[in-house]
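Raw contents of upload-v6.cif, mmCIF, C-alpha atoms:
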data_query
#
loop_
_atom_site.label_atom_id
_atom_site.label_comp_id
_atom_site.auth_asym_id
_atom_site.auth_seq_id
_atom_site.Cartn_x
_atom_site.Cartn_y
_atom_site.Cartn_z
CA MET A 15 -14.45 2.15 15.18
CA VAL A 16 -13.27 -1.48 15.10
CA GLY A 17 -11.77 -2.35 18.51
CA VAL A 18 -9.12 0.35 18.24
CA THR A 19 -6.06 0.09 20.48
CA HIS A 20 -4.10 3.27 21.19
CA LYS A 21 -0.78 1.55 20.57
CA LEU A 22 -0.68 -1.30 18.10
CA ILE A 23 1.98 -2.88 15.85
CA VAL A 24 1.65 -2.69 12.07
CA ALA A 25 3.99 -4.24 9.51
CA ALA A 26 5.20 -3.44 6.00
CA LEU A 27 6.27 -6.37 3.79
CA GLN A 28 8.94 -6.11 1.09
CA MET A 29 8.90 -8.51 -1.88
CA THR A 30 10.41 -9.20 -5.30
CA SER A 31 7.35 -10.40 -7.19
CA GLY A 32 7.36 -12.04 -10.61
CA PRO A 33 5.01 -13.57 -13.21
CA ASP A 34 4.13 -16.70 -11.20
CA VAL A 35 1.09 -16.00 -9.02
CA VAL A 36 1.49 -19.22 -7.01
CA ALA A 37 5.14 -18.45 -6.19
CA ASN A 38 4.28 -14.87 -5.24
CA LEU A 39 1.53 -16.00 -2.88
CA ALA A 40 3.86 -18.54 -1.27
CA ALA A 41 6.42 -15.79 -0.65
CA ALA A 42 3.72 -13.49 0.71
CA ALA A 43 2.47 -16.22 3.06
CA GLN A 44 5.92 -16.58 4.62
CA LEU A 45 6.19 -12.83 5.17
CA LEU A 46 2.69 -12.61 6.62
CA GLU A 47 3.62 -15.31 9.13
CA GLN A 48 6.73 -13.31 10.04
CA ALA A 49 4.62 -10.19 10.46
CA ARG A 50 2.21 -11.95 12.81
CA ALA A 51 5.13 -13.43 14.77
CA SER A 52 6.47 -9.89 15.24
CA GLY A 53 3.25 -8.98 17.03
CA ALA A 54 1.65 -7.12 14.14
CA ARG A 55 -2.14 -6.90 14.03
CA VAL A 56 -2.17 -5.25 10.58
CA ALA A 57 0.17 -6.15 7.70
CA VAL A 58 0.51 -4.24 4.43
CA LEU A 59 1.71 -5.99 1.26
CA PRO A 60 3.42 -4.06 -1.58
CA GLU A 61 1.96 -3.01 -4.91
CA ASN A 62 1.89 -5.89 -7.43
CA PHE A 63 2.53 -8.41 -4.63
CA SER A 64 0.53 -11.12 -6.43
CA PHE A 65 1.74 -10.55 -9.98
CA MET A 66 4.39 -8.68 -11.94
CA GLY A 67 4.16 -9.95 -15.52
CA LEU A 68 6.80 -10.13 -18.22
CA LYS A 69 4.72 -7.55 -20.10
CA SER A 70 2.28 -4.98 -18.79
CA ALA A 71 -0.57 -6.54 -20.79
CA ASP A 72 -0.11 -9.90 -19.02
CA LYS A 73 -2.19 -8.63 -16.11
CA ARG A 74 -5.29 -8.72 -18.32
CA ALA A 75 -5.08 -12.50 -18.63
CA ILE A 76 -4.76 -13.24 -14.90
CA ALA A 77 -7.15 -10.55 -13.60
CA GLU A 78 -9.78 -11.93 -11.23
CA LEU A 79 -13.48 -11.19 -11.01
CA ASP A 80 -14.29 -8.93 -8.11
CA GLY A 81 -15.22 -11.15 -5.16
CA ASP A 82 -13.53 -14.41 -6.08
CA GLY A 83 -10.26 -15.81 -7.37
CA PRO A 84 -7.03 -17.37 -6.08
CA VAL A 85 -5.56 -14.12 -4.77
CA GLN A 86 -8.73 -13.00 -3.03
CA ARG A 87 -9.20 -16.44 -1.46
CA PHE A 88 -5.57 -16.38 -0.35
CA LEU A 89 -5.92 -13.01 1.37
CA SER A 90 -9.12 -14.06 3.13
CA GLN A 91 -7.66 -17.36 4.29
CA GLN A 92 -4.40 -15.82 5.52
CA ALA A 93 -6.27 -13.12 7.42
CA ARG A 94 -8.50 -15.69 9.10
CA GLU A 95 -5.80 -18.26 9.89
CA LEU A 96 -3.31 -15.69 11.21
CA THR A 97 -5.98 -13.51 12.88
CA LEU A 98 -4.31 -10.65 11.04
CA TRP A 99 -5.71 -7.63 9.23
CA ILE A 100 -4.20 -7.58 5.72
CA VAL A 101 -3.92 -4.68 3.29
CA GLY A 102 -3.43 -6.50 0.01
CA GLY A 103 -1.08 -4.17 -1.87
CA THR A 104 -2.57 -4.34 -5.36
CA THR A 105 -3.80 -7.16 -7.52
CA PRO A 106 -5.49 -6.93 -10.95
CA LEU A 107 -9.30 -7.16 -10.92
CA GLN A 108 -11.45 -7.30 -14.04
CA LEU A 109 -13.42 -4.25 -15.01
CA GLU A 110 -14.59 -5.68 -18.33
CA PRO A 111 -13.69 -9.01 -20.00
CA GLY A 112 -10.28 -8.77 -21.65
CA GLY A 113 -10.08 -5.01 -21.08
CA ARG A 114 -8.06 -2.82 -18.81
CA VAL A 115 -7.97 -3.90 -15.17
CA GLY A 116 -8.28 -2.16 -11.86
CA ALA A 117 -5.17 -1.99 -9.66
CA ALA A 118 -7.16 -3.01 -6.59
CA CYS A 119 -5.96 -2.68 -3.00
CA LEU A 120 -8.14 -5.05 -0.96
CA VAL A 121 -8.41 -4.96 2.83
CA TYR A 122 -9.38 -8.03 4.88
CA SER A 123 -10.24 -8.08 8.57
CA ASP A 124 -8.83 -10.70 10.90
CA ASP A 125 -11.88 -12.93 10.46
CA GLY A 126 -11.31 -13.16 6.70
CA ARG A 127 -13.97 -10.68 5.59
CA ARG A 128 -13.17 -8.19 2.86
CA VAL A 129 -13.92 -4.76 4.28
CA ALA A 130 -12.62 -2.37 1.60
CA ARG A 131 -11.48 -1.99 -1.98
CA TYR A 132 -9.48 0.94 -3.32
CA ASP A 133 -8.46 1.18 -6.96
CA LYS A 134 -5.35 3.22 -7.74
CA ILE A 135 -6.27 6.70 -8.96
CA HIS A 136 -3.08 8.16 -10.40
CA LEU A 137 -1.43 6.03 -13.08
CA PHE A 138 2.30 6.09 -13.85
CA ASP A 139 2.44 7.46 -17.41
CA VAL A 140 5.88 9.08 -17.47
CA ASP A 141 9.22 9.39 -19.20
CA ILE A 142 11.77 9.63 -16.40
CA PRO A 143 13.93 12.77 -16.81
CA GLY A 144 17.55 12.05 -17.67
CA ASN A 145 16.78 8.36 -18.12
CA SER A 146 15.68 6.08 -20.94
CA GLN A 147 12.93 4.48 -18.84
CA SER A 148 9.36 5.08 -20.03
CA TYR A 149 6.11 3.82 -18.49
CA ARG A 150 2.48 3.87 -19.61
CA GLU A 151 0.53 2.21 -16.83
CA SER A 152 -2.78 3.39 -18.27
CA ALA A 153 -2.32 1.17 -21.34
CA ASP A 154 -3.52 -1.84 -19.34
CA THR A 155 -4.80 -0.36 -16.07
CA ALA A 156 -7.83 1.91 -15.64
CA PRO A 157 -7.95 4.54 -12.88
CA ALA A 158 -10.49 4.41 -10.08
CA ALA A 159 -13.97 5.67 -10.75
CA PRO A 160 -14.49 9.21 -9.34
CA TRP A 161 -17.08 8.04 -6.80
CA ALA A 162 -14.63 5.52 -5.29
CA ARG A 163 -11.65 7.78 -4.79
CA ALA A 164 -11.12 8.51 -1.08
CA VAL A 165 -11.34 5.27 0.92
CA VAL A 166 -10.94 5.27 4.71
CA VAL A 167 -11.19 2.00 6.65
CA PRO A 168 -11.65 1.45 10.41
CA THR A 169 -8.93 -0.94 11.63
CA PRO A 170 -7.64 -1.94 15.08
CA ALA A 171 -4.74 0.50 14.46
CA GLY A 172 -7.05 3.44 13.75
CA LEU A 173 -8.65 4.90 10.65
CA LEU A 174 -6.65 3.89 7.59
CA GLY A 175 -6.53 5.94 4.38
CA LEU A 176 -5.76 3.88 1.27
CA SER A 177 -3.48 4.92 -1.61
CA VAL A 178 -0.96 3.31 -3.96
CA CYS A 179 2.55 4.28 -5.13
CA TYR A 180 2.30 7.17 -7.64
CA ASP A 181 -0.65 8.53 -5.62
CA MET A 182 1.91 9.83 -3.11
CA ARG A 183 2.82 12.68 -5.49
CA PHE A 184 -0.69 14.14 -5.17
CA PRO A 185 -1.06 15.64 -1.68
CA GLU A 186 -4.67 16.65 -2.29
CA LEU A 187 -5.67 12.97 -2.03
CA TYR A 188 -4.21 12.77 1.46
CA ARG A 189 -6.02 15.96 2.47
CA GLN A 190 -9.25 14.24 1.49
CA LEU A 191 -8.30 11.15 3.48
CA VAL A 192 -7.35 13.09 6.61
CA ALA A 193 -10.52 15.19 6.30
CA ALA A 194 -12.40 11.87 6.38
CA GLY A 195 -10.63 11.00 9.64
CA ALA A 196 -7.56 9.05 8.53
CA GLN A 197 -4.91 8.57 11.22
CA TRP A 198 -2.52 6.61 9.04
CA PHE A 199 -1.92 5.98 5.36
CA ALA A 200 -0.95 2.77 3.58
CA ILE A 201 1.10 3.43 0.44
CA PRO A 202 2.02 0.05 -1.11
CA SER A 203 4.50 0.75 -3.89
CA SER A 204 6.69 -0.49 -6.71
CA PHE A 205 9.04 2.45 -7.22
CA THR A 206 11.65 2.71 -9.93
CA VAL A 207 15.28 3.02 -8.82
CA PRO A 208 15.88 6.52 -10.29
CA THR A 209 12.73 8.02 -8.79
CA GLY A 210 13.26 6.10 -5.56
CA ARG A 211 16.73 7.55 -5.06
CA ALA A 212 15.46 11.04 -5.77
CA HIS A 213 12.04 11.20 -4.13
CA TRP A 214 10.89 8.11 -2.19
CA GLU A 215 11.72 9.06 1.38
CA VAL A 216 11.11 12.79 1.03
CA LEU A 217 7.63 12.26 -0.43
CA LEU A 218 6.61 9.77 2.25
CA ARG A 219 7.87 11.95 5.07
CA SER A 220 6.14 14.97 3.53
CA ARG A 221 2.77 13.19 3.44
CA ALA A 222 3.27 12.25 7.10
CA ILE A 223 4.36 15.70 8.27
CA GLU A 224 1.76 17.82 6.49
CA ASN A 225 -1.08 15.57 7.69
CA LEU A 226 0.30 14.67 11.13
CA SER A 227 -0.34 11.07 10.10
CA TYR A 228 1.53 7.78 10.20
CA VAL A 229 2.66 6.35 6.85
CA VAL A 230 3.22 2.65 6.18
CA ALA A 231 4.90 2.11 2.81
CA PRO A 232 5.82 -1.46 1.79
CA ALA A 233 7.74 -1.76 -1.47
CA GLN A 234 8.89 -4.05 -4.22
CA TRP A 235 12.66 -4.52 -4.25
CA GLY A 236 15.35 -5.86 -6.57
CA HIS A 237 15.59 -7.35 -10.07
CA HIS A 238 12.39 -8.80 -11.53
CA ALA A 239 11.89 -11.37 -14.28
CA ASN A 240 10.61 -8.67 -16.63
CA GLY A 241 13.94 -6.83 -16.44
CA ARG A 242 12.67 -4.11 -14.16
CA GLU A 243 14.55 -3.09 -11.02
CA THR A 244 12.62 -1.65 -8.09
CA TYR A 245 13.93 0.51 -5.26
CA GLY A 246 12.72 -1.16 -2.07
CA ASP A 247 13.40 0.79 1.15
CA SER A 248 10.09 -0.05 2.84
CA LEU A 249 9.37 2.55 5.51
CA ILE A 250 7.13 3.23 8.47
CA VAL A 251 7.06 6.96 9.30
CA ASP A 252 5.44 8.62 12.30
CA TYR A 253 3.16 11.67 12.33
CA TRP A 254 6.15 14.00 12.95
CA GLY A 255 8.03 12.69 9.92
CA VAL A 256 10.44 10.45 11.84
CA VAL A 257 11.37 7.16 10.16
CA MET A 258 10.46 4.54 12.74
CA SER A 259 11.49 1.45 10.79
CA ARG A 260 12.94 0.64 7.37
CA LEU A 261 14.15 -2.24 5.20
CA SER A 262 16.52 -0.82 2.61
CA ASP A 263 16.97 -3.99 0.56
CA GLY A 264 16.12 -7.68 0.52
CA ASN A 265 12.79 -9.36 1.17
CA GLY A 266 11.40 -9.17 4.66
CA VAL A 267 9.23 -7.40 7.22
CA VAL A 268 9.51 -4.16 9.15
CA ALA A 269 7.17 -3.31 12.02
CA ALA A 270 6.43 -0.45 14.38
CA ALA A 271 3.81 0.53 16.95
CA LEU A 272 1.38 3.29 16.05
CA ASP A 273 0.67 5.38 19.17
CA LEU A 274 -2.71 6.97 18.48
CA ALA A 275 -2.85 8.76 21.83
CA ALA A 276 0.48 10.51 21.18
CA GLN A 277 -0.68 11.36 17.67
CA ALA A 278 -3.93 12.86 18.96
CA GLU A 279 -2.00 14.98 21.47
CA ALA A 280 0.33 16.21 18.73
CA ARG A 281 -2.64 17.16 16.56
CA ARG A 282 -4.16 19.10 19.48
CA ASN A 283 -0.95 20.90 20.42
CA PHE A 284 0.18 21.57 16.85
CA PRO A 285 -3.17 22.14 15.12
CA ALA A 286 -1.91 22.77 11.58
CA LEU A 287 -4.79 20.77 10.15
CA THR A 288 -7.30 23.25 11.62
CA HIS A 289 -5.35 26.27 10.35
CA ARG A 290 -5.97 25.51 6.68
CA VAL A 291 -7.80 28.26 4.80
CA LEU A 292 -8.07 26.57 1.38
#
For the file at hand, write its structure as structure tokens.
Amino acid sequence: MVGVTHKLIVAALQMTSGPDVVANLAAAAQLLEQARASGARVAVLPENFSFMGLKSADKRAIAELDGDGPVQRFLSQQARELTLWIVGGTTPLQLEPGGRVGAACLVYSDDGRRVARYDKIHLFDVDIPGNSQSYRESADTAPAAPWARAVVVPTPAGLLGLSVCYDMRFPELYRQLVAAGAQWFAIPSSFTVPTGRAHWEVLLRSRAIENLSYVVAPAQWGHHANGRETYGDSLIVDYWGVVMSRLSDGNGVVAAALDLAAQAEARRNFPALTHRVL
């Protein structure tokens, strides 16, 4: 595993992204600097950190080719200059010219190399109960290919399992990740206000508790140019389900130390993961 330290600081970054990629990247750069100043070695950006268009279809026009583009160069440069591992929330990557895009979470090591890509599996196609809000994410975003689904990445803070937002409602994904060795999960998100109030914290703490795993969940927050309002409340949760750090509202950074030795002891003494029969 990559130079793992048993106790290392990770950060979750909260943003209010809009349709201007340059402005979003400038805001992300400031937060990444804050994260590094806090002592973080790994920073996780929220879903849609680089772009939240006025219309869902706008992402097709700005989607980058896999391997190059302004957002990918930005992430690589920031990782290298700050000597910081960066989990790049999501950004649209082309799957076919002019077609639906992949909601790609890209991970860069602290020397600027891209070490992983995870495309969001579960797409937010819902009508929110008791609310007029309706979403069809699959209209312009394609789900991950089956062969690319469970992605685990060695980082200095331990083995990281990748997921995005709506994925958190599907616990079987996290079982696959923990079976592959994951010690912590990144769940960059852009939650609606109604579902955030009802389910955000309880779902994140559930994924942590049932897998005895840390959860780092950066979020979009506030009123966006497209008229959407997102919930915020970025959280870092420990393997026992305790909220270690949170940012309820506003843009900023929260950080906490992941203690892998304490987690390993808890997994030994409370071996629920080995008691599974299904």
Spell out the residues picked by the PyMOL selection byres ((chain A and resi 208-225) around 9) here, as an NGL selection string. :A and (142 or 145 or 182-183 or 185 or 188-189 or 192 or 197-199 or 201 or 205-207 or 226-231 or 244-247 or 249 or 251-257 or 286-287)
If you count only C-alpha atoms, which residues fall within 7 Å of Tyr180 of chain A, apart from same-chain ones fewer than 6 positions away, as a PyMOL selection string? chain A and resi 136-138
Result set, the PyMOL selection byres ((chain A and resi 271) around 8) on current file, as a list in words: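 In the shown coordinates, the PyMOL selection byres ((chain A and resi 271) around 8) covers Lys21, Leu22, Ile23, Val24, Ala269, Ala270, Leu272 and Asp273 of chain A.
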Which residues would end up in the selection if the PyMOL selection byres ((chain A and resi 159) around 12) were applied here, given that I need the answer as a CSV table (one decimal) with C-alpha atoms, keeping the file's coordinate frame?
chain,number,residue,atom,x,y,z
A,109,LEU,CA,-13.4,-4.2,-15.0
A,116,GLY,CA,-8.3,-2.2,-11.9
A,117,ALA,CA,-5.2,-2.0,-9.7
A,118,ALA,CA,-7.2,-3.0,-6.6
A,131,ARG,CA,-11.5,-2.0,-2.0
A,132,TYR,CA,-9.5,0.9,-3.3
A,133,ASP,CA,-8.5,1.2,-7.0
A,134,LYS,CA,-5.4,3.2,-7.7
A,135,ILE,CA,-6.3,6.7,-9.0
A,136,HIS,CA,-3.1,8.2,-10.4
A,156,ALA,CA,-7.8,1.9,-15.6
A,157,PRO,CA,-8.0,4.5,-12.9
A,158,ALA,CA,-10.5,4.4,-10.1
A,160,PRO,CA,-14.5,9.2,-9.3
A,161,TRP,CA,-17.1,8.0,-6.8
A,162,ALA,CA,-14.6,5.5,-5.3
A,163,ARG,CA,-11.6,7.8,-4.8
A,164,ALA,CA,-11.1,8.5,-1.1
A,165,VAL,CA,-11.3,5.3,0.9
Selected residue of minimal separation from Ala40 of chain A among A:Arg128, A:Gln92, A:Leu79, A:Ser52, counting all atoms listed in the file: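 Of A:Arg128, A:Gln92, A:Leu79, A:Ser52, the one nearest Ala40 of chain A, counting all atoms listed in the file, is A:Gln92.
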What are the nearest atom pairs, with distances in Å to one decimal, for all residues of segment 174-291 of chain A that come at most 9 Å from segment 67-77 of chain A, using all atoms listed in the file, set out by chain and rising residue number as CSV?
residue,atom,partner,partner_atom,distance
A:His238,CA,A:Leu68,CA,8.8
A:Ala239,CA,A:Leu68,CA,6.6
A:Asn240,CA,A:Leu68,CA,4.4
A:Gly241,CA,A:Leu68,CA,8.1
Selection as a PDB file with C-alpha atoms, keeping the file's coordinate frame: residues within 9 Å of (-10.3, -5.0, 7.1), counting only C-alpha atoms:
ATOM      1  CA  VAL A  56      -2.170  -5.250  10.580  1.00  0.00           C
ATOM      2  CA  TRP A  99      -5.710  -7.630   9.230  1.00  0.00           C
ATOM      3  CA  ILE A 100      -4.200  -7.580   5.720  1.00  0.00           C
ATOM      4  CA  VAL A 101      -3.920  -4.680   3.290  1.00  0.00           C
ATOM      5  CA  LEU A 120      -8.140  -5.050  -0.960  1.00  0.00           C
ATOM      6  CA  VAL A 121      -8.410  -4.960   2.830  1.00  0.00           C
ATOM      7  CA  TYR A 122      -9.380  -8.030   4.880  1.00  0.00           C
ATOM      8  CA  SER A 123     -10.240  -8.080   8.570  1.00  0.00           C
ATOM      9  CA  ASP A 124      -8.830 -10.700  10.900  1.00  0.00           C
ATOM     10  CA  ASP A 125     -11.880 -12.930  10.460  1.00  0.00           C
ATOM     11  CA  GLY A 126     -11.310 -13.160   6.700  1.00  0.00           C
ATOM     12  CA  ARG A 127     -13.970 -10.680   5.590  1.00  0.00           C
ATOM     13  CA  ARG A 128     -13.170  -8.190   2.860  1.00  0.00           C
ATOM     14  CA  VAL A 129     -13.920  -4.760   4.280  1.00  0.00           C
ATOM     15  CA  ALA A 130     -12.620  -2.370   1.600  1.00  0.00           C
ATOM     16  CA  VAL A 167     -11.190   2.000   6.650  1.00  0.00           C
ATOM     17  CA  PRO A 168     -11.650   1.450  10.410  1.00  0.00           C
ATOM     18  CA  THR A 169      -8.930  -0.940  11.630  1.00  0.00           C
ATOM     19  CA  PRO A 170      -7.640  -1.940  15.080  1.00  0.00           C
TER      20      PRO A 170
END
At a cut-off of 8 Å, using all atoms listed in the file, what residues contact segment 262-266 of chain A? Leave out same-chain residues fewer than 3 positions from it and give the result as a list in words.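 Those residues are Leu27, Gln28, Met29, Thr30, Leu45, Trp235, Gly236, Tyr245, Gly246, Asp247 and Ser248 of chain A.
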Taking into account only C-alpha atoms, which residue in the set A:Glu279, A:Ser64, A:Ile250, A:Ala43 is nearest to Glu95 of chain A?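 That would be A:Ala43, the residue with the smallest distance to Glu95 of chain A.
Closest approach to Glu47 of chain A from the set A:Val267, A:Gly175, A:Ala276, A:Phe65 is made by A:Val267, with distances taken over all atoms listed in the file.
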What's the separation between atom CA of Gly32 of chain A and atom CA of Met66 of chain A, in Å to one decimal place?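 Answer for the atom CA of Gly32 of chain A to atom CA of Met66 of chain A separation: 4.7 Å.
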Could you put an axis-aligned box around every listed atom of segment 180-183 of chain A, padded by 3 Å on each side, and send me its centre and edge lengths in Å to one decimal, as lines of an AutoDock Vina configuration file?
center_x = 1.1
center_y = 9.9
center_z = -5.4
size_x = 9.5
size_y = 11.5
size_z = 10.5
Mind giving me the straight-line distance from atom CA of Ala200 of chain A to atom CA of Val178 of chain A in Å, one decimal?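 Atom CA of Ala200 of chain A sits 7.6 Å away from atom CA of Val178 of chain A.
For the atom pair formed by atom CA of Leu107 of chain A and atom CA of Ser31 of chain A, the distance is 17.4 Å, given to one decimal.
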Using all atoms listed in the file, the shortest atom-to-atom distance to Ala49 of chain A among A:Leu96, A:Ser90, A:Glu186, A:Asp154 belongs to A:Leu96
Using the block above, I'd like segment 133-223 of chain A written out, keeping C-alpha atoms and formatting it as a PDB file, in the first residue's frame.
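The resulting file, result-v6.pdb, is reproduced below:
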ATOM      1  CA  ASP A 133     -17.866   6.677 -12.777  1.00  0.00           C
ATOM      2  CA  LYS A 134     -21.060   7.068 -10.754  1.00  0.00           C
ATOM      3  CA  ILE A 135     -23.154   3.900 -10.899  1.00  0.00           C
ATOM      4  CA  HIS A 136     -26.559   4.853  -9.520  1.00  0.00           C
ATOM      5  CA  LEU A 137     -28.202   7.805 -11.259  1.00  0.00           C
ATOM      6  CA  PHE A 138     -30.725  10.121  -9.598  1.00  0.00           C
ATOM      7  CA  ASP A 139     -33.923   9.493 -11.579  1.00  0.00           C
ATOM      8  CA  VAL A 140     -36.598  10.342  -9.008  1.00  0.00           C
ATOM      9  CA  ASP A 141     -39.696  12.317  -8.169  1.00  0.00           C
ATOM     10  CA  ILE A 142     -39.243  13.413  -4.564  1.00  0.00           C
ATOM     11  CA  PRO A 143     -42.234  12.313  -2.436  1.00  0.00           C
ATOM     12  CA  GLY A 144     -44.372  15.179  -1.188  1.00  0.00           C
ATOM     13  CA  ASN A 145     -42.428  17.644  -3.313  1.00  0.00           C
ATOM     14  CA  SER A 146     -42.641  19.052  -6.832  1.00  0.00           C
ATOM     15  CA  GLN A 147     -38.948  18.399  -7.524  1.00  0.00           C
ATOM     16  CA  SER A 148     -38.184  15.872 -10.267  1.00  0.00           C
ATOM     17  CA  TYR A 149     -34.780  14.706 -11.526  1.00  0.00           C
ATOM     18  CA  ARG A 150     -33.661  12.554 -14.457  1.00  0.00           C
ATOM     19  CA  GLU A 151     -29.891  12.381 -14.207  1.00  0.00           C
ATOM     20  CA  SER A 152     -29.726   9.576 -16.772  1.00  0.00           C
ATOM     21  CA  ALA A 153     -30.961  11.914 -19.522  1.00  0.00           C
ATOM     22  CA  ASP A 154     -27.449  13.328 -19.892  1.00  0.00           C
ATOM     23  CA  THR A 155     -25.273  11.054 -17.747  1.00  0.00           C
ATOM     24  CA  ALA A 156     -24.516   7.378 -18.383  1.00  0.00           C
ATOM     25  CA  PRO A 157     -23.880   4.955 -15.510  1.00  0.00           C
ATOM     26  CA  ALA A 158     -20.550   3.224 -15.029  1.00  0.00           C
ATOM     27  CA  ALA A 159     -19.808   0.165 -17.105  1.00  0.00           C
ATOM     28  CA  PRO A 160     -20.341  -3.071 -15.099  1.00  0.00           C
ATOM     29  CA  TRP A 161     -16.641  -3.998 -15.219  1.00  0.00           C
ATOM     30  CA  ALA A 162     -15.632  -0.673 -13.613  1.00  0.00           C
ATOM     31  CA  ARG A 163     -17.992  -0.668 -10.672  1.00  0.00           C
ATOM     32  CA  ALA A 164     -16.096  -1.295  -7.423  1.00  0.00           C
ATOM     33  CA  VAL A 165     -12.983   0.906  -7.293  1.00  0.00           C
ATOM     34  CA  VAL A 166     -10.593   0.768  -4.332  1.00  0.00           C
ATOM     35  CA  VAL A 167      -7.490   2.982  -4.278  1.00  0.00           C
ATOM     36  CA  PRO A 168      -4.399   2.744  -2.038  1.00  0.00           C
ATOM     37  CA  THR A 169      -3.797   6.161  -0.432  1.00  0.00           C
ATOM     38  CA  PRO A 170      -1.615   7.387   2.442  1.00  0.00           C
ATOM     39  CA  ALA A 171      -4.781   7.311   4.595  1.00  0.00           C
ATOM     40  CA  GLY A 172      -5.528   3.670   3.805  1.00  0.00           C
ATOM     41  CA  LEU A 173      -7.542   1.854   1.162  1.00  0.00           C
ATOM     42  CA  LEU A 174     -10.198   4.182  -0.234  1.00  0.00           C
ATOM     43  CA  GLY A 175     -13.486   2.983  -1.725  1.00  0.00           C
ATOM     44  CA  LEU A 176     -14.996   5.384  -4.268  1.00  0.00           C
ATOM     45  CA  SER A 177     -18.684   6.254  -4.617  1.00  0.00           C
ATOM     46  CA  VAL A 178     -20.826   9.294  -5.414  1.00  0.00           C
ATOM     47  CA  CYS A 179     -23.963  10.808  -3.840  1.00  0.00           C
ATOM     48  CA  TYR A 180     -27.002   8.639  -4.729  1.00  0.00           C
ATOM     49  CA  ASP A 181     -24.747   5.565  -4.511  1.00  0.00           C
ATOM     50  CA  MET A 182     -25.021   5.856  -0.724  1.00  0.00           C
ATOM     51  CA  ARG A 183     -28.564   4.428  -0.858  1.00  0.00           C
ATOM     52  CA  PHE A 184     -27.225   1.100  -2.159  1.00  0.00           C
ATOM     53  CA  PRO A 185     -25.393  -0.663   0.688  1.00  0.00           C
ATOM     54  CA  GLU A 186     -24.406  -3.601  -1.510  1.00  0.00           C
ATOM     55  CA  LEU A 187     -21.864  -1.358  -3.258  1.00  0.00           C
ATOM     56  CA  TYR A 188     -20.133  -0.658   0.048  1.00  0.00           C
ATOM     57  CA  ARG A 189     -20.090  -4.372   0.876  1.00  0.00           C
ATOM     58  CA  GLN A 190     -18.193  -4.898  -2.367  1.00  0.00           C
ATOM     59  CA  LEU A 191     -15.786  -2.101  -1.504  1.00  0.00           C
ATOM     60  CA  VAL A 192     -15.103  -3.353   2.022  1.00  0.00           C
ATOM     61  CA  ALA A 193     -14.698  -6.912   0.701  1.00  0.00           C
ATOM     62  CA  ALA A 194     -11.985  -5.472  -1.562  1.00  0.00           C
ATOM     63  CA  GLY A 195     -10.245  -4.039   1.506  1.00  0.00           C
ATOM     64  CA  ALA A 196     -11.651  -0.514   1.800  1.00  0.00           C
ATOM     65  CA  GLN A 197     -10.961   1.209   5.121  1.00  0.00           C
ATOM     66  CA  TRP A 198     -12.734   4.431   4.239  1.00  0.00           C
ATOM     67  CA  PHE A 199     -15.266   5.672   1.713  1.00  0.00           C
ATOM     68  CA  ALA A 200     -15.388   8.958  -0.176  1.00  0.00           C
ATOM     69  CA  ILE A 201     -18.957  10.017  -0.993  1.00  0.00           C
ATOM     70  CA  PRO A 202     -18.809  13.384  -2.806  1.00  0.00           C
ATOM     71  CA  SER A 203     -22.377  14.642  -3.093  1.00  0.00           C
ATOM     72  CA  SER A 204     -24.839  17.243  -4.290  1.00  0.00           C
ATOM     73  CA  PHE A 205     -27.903  16.431  -2.187  1.00  0.00           C
ATOM     74  CA  THR A 206     -31.275  18.103  -2.510  1.00  0.00           C
ATOM     75  CA  VAL A 207     -32.575  19.968   0.536  1.00  0.00           C
ATOM     76  CA  PRO A 208     -35.661  17.741   1.117  1.00  0.00           C
ATOM     77  CA  THR A 209     -33.722  14.482   0.893  1.00  0.00           C
ATOM     78  CA  GLY A 210     -30.825  15.986   2.828  1.00  0.00           C
ATOM     79  CA  ARG A 211     -33.029  16.920   5.762  1.00  0.00           C
ATOM     80  CA  ALA A 212     -34.605  13.479   5.783  1.00  0.00           C
ATOM     81  CA  HIS A 213     -31.753  11.099   5.010  1.00  0.00           C
ATOM     82  CA  TRP A 214     -28.266  12.612   4.590  1.00  0.00           C
ATOM     83  CA  GLU A 215     -26.734  12.014   8.006  1.00  0.00           C
ATOM     84  CA  VAL A 216     -28.517   8.754   8.758  1.00  0.00           C
ATOM     85  CA  LEU A 217     -27.420   7.186   5.467  1.00  0.00           C
ATOM     86  CA  LEU A 218     -23.797   8.240   5.879  1.00  0.00           C
ATOM     87  CA  ARG A 219     -23.617   7.012   9.453  1.00  0.00           C
ATOM     88  CA  SER A 220     -25.271   3.746   8.433  1.00  0.00           C
ATOM     89  CA  ARG A 221     -22.669   3.083   5.735  1.00  0.00           C
ATOM     90  CA  ALA A 222     -19.948   3.758   8.316  1.00  0.00           C
ATOM     91  CA  ILE A 223     -21.451   1.594  11.066  1.00  0.00           C
TER      92      ILE A 223
END
